[in-house]
Amino acid sequence: MNAIGRCADRATRGDEMPDHASIYDHDAAQYDRLVSREDVDGALARTIADLIPQCVETVVELGAGTGRVTRLLAPRAARVLAFDAAAPMLAVARARLDAAGLGARVSLAVGEHHALPAPDGVADAVFAGWAIAHAVGWYPEGWRGRVDAALAEIARVSRPGARAVIIETLGTGTETPSPPAKLVPFYAHLEARGFARRVIRTDYRFADAAELAELIGFFFGPELATRYAGGRDVPECTGVWVREG
Ligand SMILES: C[S@@+](CC[C@H](N)C(=O)[O-])C[C@H]1O[C@@H](n2cnc3c(N)ncnc32)[C@H](O)[C@@H]1O
């Protein structure tokens with residue numbers, strides 16, 4: 001990933017949150033273990049089925065990571081063009097897609113949100129899961145411009161009428177929406193640009209307390225791991241912002 005001008009989350013928040021950019025470059029397999037424990041009730045899969053009710057020709061995905069959203073999109077499209085800045089994340093995505101028998105219909109390529117290596121007007125729907133909001137932490141002075149550049153790319157690759165869907169956290173460790181304060185202006189920014197918010201729960205359920213401590217601590221830091229110590233479950237509220245084409 002291009003690190004020029006980017007601040008580590010830790011540096012901008014001054015707390016003990018892990019450095020997520022470093023995780024995407026160096027700990028993709030561990031990240032994939034974490035997200036494979038999210039959405040125990042299948043709400044994300046149901047939401048995607050609702051948003052793509054009929055199989056479409058092409059879906060473009062930004063920030064595909066290790067492919068947990070990609071694997072839900074692939075059965076609903078003849079092809080998925082999925083991009084991410086971190087090649088190590090895409091390597092895990094490729095292995096998981098192939099293992100699921102979905103690899104043939106998914107093209108994975110390194111690509112930044114603001115410069116997608118995709119043709120104009122190709123997408124019947126565009127998805128970005130837990131990916132665009134990183135601009136707020138990484139570019140505290142310039143995130144609005146970066147978000148608008150990503151939205152411009154979403155518009156460029158979209159066919160007329162294509163739906164755009166942005167999925168982001170509304171709070172980890174909360175049973176009702178309680179977004180991180182720094183993301184509130186980002187969500188207002190999306191809504192000012194025509195995105196409408198839905199709320200779903202994508203709770204985590206781990207194999208046991210040791211796995212919860214390991215994986216929650218790894219990605220969210222020690223405070224959250226301590227709060228849920230001894231259990232298996234962590235609630236998660238998720239926002240799904242939809243803009244009709
Ligand atoms: C929290 S992960 C989400 C991955 C996947 N969508 C999921 O739901 O698990 C965020 C991903 O966004 C990618 N990302 C963040 N900013 C990016 C940018 N400007 N361009 C491309 N990828 C970006 C990161 O490399 C990382 O893989």
# chains A, B, ... in the order shown; residues from 1 in each chain; ligands from 1

call {"tool": "residues_near_ligand", "arguments": {"ligand": "ligand 1", "cutoff": "6 Å", "atoms": "only C-alpha atoms and all ligand atoms", "output": "count of residues only"}}
result
20

call {"tool": "residues_around", "arguments": {"residues": "Ala162 of chain A", "least_positions_apart": "3", "cutoff": "8 Å", "atoms": "only C-alpha atoms", "output": "PyMOL selection string"}}
result
chain A and resi 123-126+158-159+244-245

call {"tool": "closest_residue", "arguments": {"among": "A:Leu102, A:Ile166, A:Leu212, A:Val242", "to": "Phe195 of chain A", "atoms": "only C-alpha atoms"}}
result
A:Val242

call {"tool": "closest_atom_pairs", "arguments": {"of": "segment 18-99 of chain A", "to": "segment 221-226 of chain A", "cutoff": "12 Å", "atoms": "only C-alpha atoms", "output": "tab-separated table"}}
result
residue	atom	partner	partner_atom	distance
A:Pro18	CA	A:Gly221	CA	6.0
A:Asp19	CA	A:Gly221	CA	9.8
A:His20	CA	A:Gly221	CA	10.8

call {"tool": "closest_residue", "arguments": {"among": "A:Gly103, A:Pro179, A:Gly121, A:Pro160", "to": "Pro75 of chain A", "atoms": "only C-alpha atoms"}}
result
A:Gly103

call {"tool": "closest_residue", "arguments": {"among": "A:Ala135, A:Glu61, A:Ala213, A:Arg46", "to": "Arg227 of chain A", "atoms": "only C-alpha atoms"}}
result
A:Ala213

call {"tool": "select_by_dssp", "arguments": {"residues": "segment 35-226 of chain A", "states": "strand (DSSP E)", "output": "NGL selection string"}}
result
:A and (56-62 or 77-84 or 106-110 or 123-129 or 158-172 or 196-201 or 204-205)

call {"tool": "atom_distance", "arguments": {"atom1": "atom CA of Leu62 of chain A", "atom2": "atom CA of Phe83 of chain A"}}
result
5.2 Å

call {"tool": "closest_residue", "arguments": {"among": "A:Ala49, A:Ala87, A:Leu44, A:Val59", "to": "Asp25 of chain A", "atoms": "only C-alpha atoms"}}
result
A:Ala87

call {"tool": "select_by_dssp", "arguments": {"residues": "segment 59-241 of chain A", "states": "helix (DSSP H, G or I)", "output": "PyMOL selection string"}}
result
chain A and resi 70-76+87-99+103-105+134-138+143-157+181-192+209-220+222-227

call {"tool": "write_last_selection", "arguments": {"atoms": "C-alpha atoms", "output": "compact mmCIF listing (two decimals), in the first residue's frame"}}
result
# COMPACT_ATOMS: atom_id res chain seq x y z
CA THR A 70 -16.51 -11.22 -2.36
CA ARG A 71 -17.62 -14.77 -1.50
CA LEU A 72 -21.15 -13.49 -0.90
CA LEU A 73 -21.16 -11.45 -4.12
CA ALA A 74 -19.75 -14.14 -6.40
CA PRO A 75 -22.84 -16.39 -6.52
CA ARG A 76 -24.93 -13.36 -7.51
CA ALA A 87 -1.63 -7.80 -2.24
CA PRO A 88 -1.25 -10.10 0.81
CA MET A 89 -4.98 -9.71 1.54
CA LEU A 90 -5.83 -10.62 -2.04
CA ALA A 91 -3.63 -13.74 -1.84
CA VAL A 92 -5.79 -15.03 1.00
CA ALA A 93 -8.92 -14.03 -0.90
CA ARG A 94 -7.76 -16.03 -3.93
CA ALA A 95 -7.14 -19.16 -1.83
CA ARG A 96 -10.51 -18.88 -0.06
CA LEU A 97 -12.43 -18.26 -3.31
CA ASP A 98 -10.78 -21.19 -5.04
CA ALA A 99 -11.46 -23.45 -2.06
CA GLY A 103 -12.57 -18.53 -8.08
CA ALA A 104 -13.40 -18.74 -11.79
CA ARG A 105 -15.89 -15.90 -11.67
CA HIS A 134 -10.00 3.92 6.70
CA ALA A 135 -9.35 7.22 4.91
CA VAL A 136 -10.60 9.04 8.02
CA GLY A 137 -7.94 7.52 10.28
CA TRP A 138 -5.15 7.44 7.74
CA TRP A 143 -10.13 12.26 4.06
CA ARG A 144 -13.01 14.15 2.42
CA GLY A 145 -11.06 14.50 -0.82
CA ARG A 146 -10.08 10.83 -0.72
CA VAL A 147 -13.64 9.70 -0.06
CA ASP A 148 -14.93 11.89 -2.89
CA ALA A 149 -12.26 10.44 -5.20
CA ALA A 150 -13.48 6.93 -4.32
CA LEU A 151 -17.10 7.97 -4.92
CA ALA A 152 -16.09 9.44 -8.28
CA GLU A 153 -14.49 6.10 -9.21
CA ILE A 154 -17.63 4.25 -8.11
CA ALA A 155 -19.65 6.54 -10.41
CA ARG A 156 -17.19 6.09 -13.28
CA VAL A 157 -17.27 2.27 -13.25
CA ALA A 181 -16.93 9.43 17.05
CA LYS A 182 -14.33 10.02 14.37
CA LEU A 183 -16.54 8.26 11.78
CA VAL A 184 -19.69 10.32 12.42
CA PRO A 185 -18.63 13.09 9.97
CA PHE A 186 -17.77 10.44 7.38
CA TYR A 187 -21.24 8.92 7.61
CA ALA A 188 -22.82 12.39 7.34
CA HIS A 189 -20.62 12.95 4.28
CA LEU A 190 -21.99 9.79 2.63
CA GLU A 191 -25.56 10.73 3.46
CA ALA A 192 -25.07 14.23 2.03
CA ALA A 209 -12.80 -17.55 25.14
CA ALA A 210 -9.16 -18.00 24.16
CA GLU A 211 -9.93 -17.39 20.51
CA LEU A 212 -12.01 -14.30 21.39
CA ALA A 213 -9.12 -12.88 23.44
CA GLU A 214 -6.62 -13.57 20.68
CA LEU A 215 -8.58 -12.24 17.70
CA ILE A 216 -10.41 -9.32 19.33
CA GLY A 217 -7.16 -8.16 20.92
CA PHE A 218 -5.34 -8.53 17.62
CA PHE A 219 -7.64 -6.19 15.70
CA PHE A 220 -9.49 -4.04 18.26
CA PRO A 222 -6.73 -4.91 24.68
CA GLU A 223 -9.64 -2.87 26.10
CA LEU A 224 -12.27 -4.67 24.07
CA ALA A 225 -10.62 -8.06 24.60
CA THR A 226 -10.67 -7.47 28.36
CA ARG A 227 -14.31 -6.32 28.31

call {"tool": "atom_distance", "arguments": {"atom1": "atom CA of Pro53 of chain A", "atom2": "atom CA of Phe127 of chain A"}}
result
14.6 Å

call {"tool": "atom_distance", "arguments": {"atom1": "atom CA of Asp39 of chain A", "atom2": "atom CA of Asp203 of chain A"}}
result
5.0 Å

call {"tool": "residues_around", "arguments": {"residues": "Ser107 of chain A", "least_positions_apart": "2", "cutoff": "7 Å", "atoms": "only C-alpha atoms", "output": "MDAnalysis selection string"}}
result
chainID A and resid 80:82 105 109

call {"tool": "write_last_selection", "arguments": {"atoms": "N, CA and C atoms", "output": "PDB file, in the first residue's frame"}}
result
ATOM      1  N   VAL A  80     -17.109 -10.938 -10.807  1.00  0.00           N
ATOM      2  CA  VAL A  80     -16.815  -9.898  -9.814  1.00  0.00           C
ATOM      3  C   VAL A  80     -15.402  -9.399 -10.097  1.00  0.00           C
ATOM      4  N   LEU A  81     -15.278  -8.081 -10.229  1.00  0.00           N
ATOM      5  CA  LEU A  81     -13.965  -7.451 -10.363  1.00  0.00           C
ATOM      6  C   LEU A  81     -13.649  -6.835  -9.007  1.00  0.00           C
ATOM      7  N   ALA A  82     -12.708  -7.451  -8.285  1.00  0.00           N
ATOM      8  CA  ALA A  82     -12.467  -7.058  -6.892  1.00  0.00           C
ATOM      9  C   ALA A  82     -11.060  -6.494  -6.751  1.00  0.00           C
ATOM     10  N   ARG A 105     -15.092 -17.073 -11.305  1.00  0.00           N
ATOM     11  CA  ARG A 105     -15.887 -15.900 -11.674  1.00  0.00           C
ATOM     12  C   ARG A 105     -15.392 -14.608 -11.013  1.00  0.00           C
ATOM     13  N   ALA A 109      -7.411  -7.932  -8.217  1.00  0.00           N
ATOM     14  CA  ALA A 109      -6.253  -7.144  -8.655  1.00  0.00           C
ATOM     15  C   ALA A 109      -5.956  -6.056  -7.634  1.00  0.00           C
TER      16      ALA A 109
END

call {"tool": "residues_around", "arguments": {"residues": "Trp241 of chain A", "least_positions_apart": "5", "cutoff": "7 Å", "atoms": "only C-alpha atoms", "output": "ChimeraX atom specification"}}
result
/A:165-167,195-198
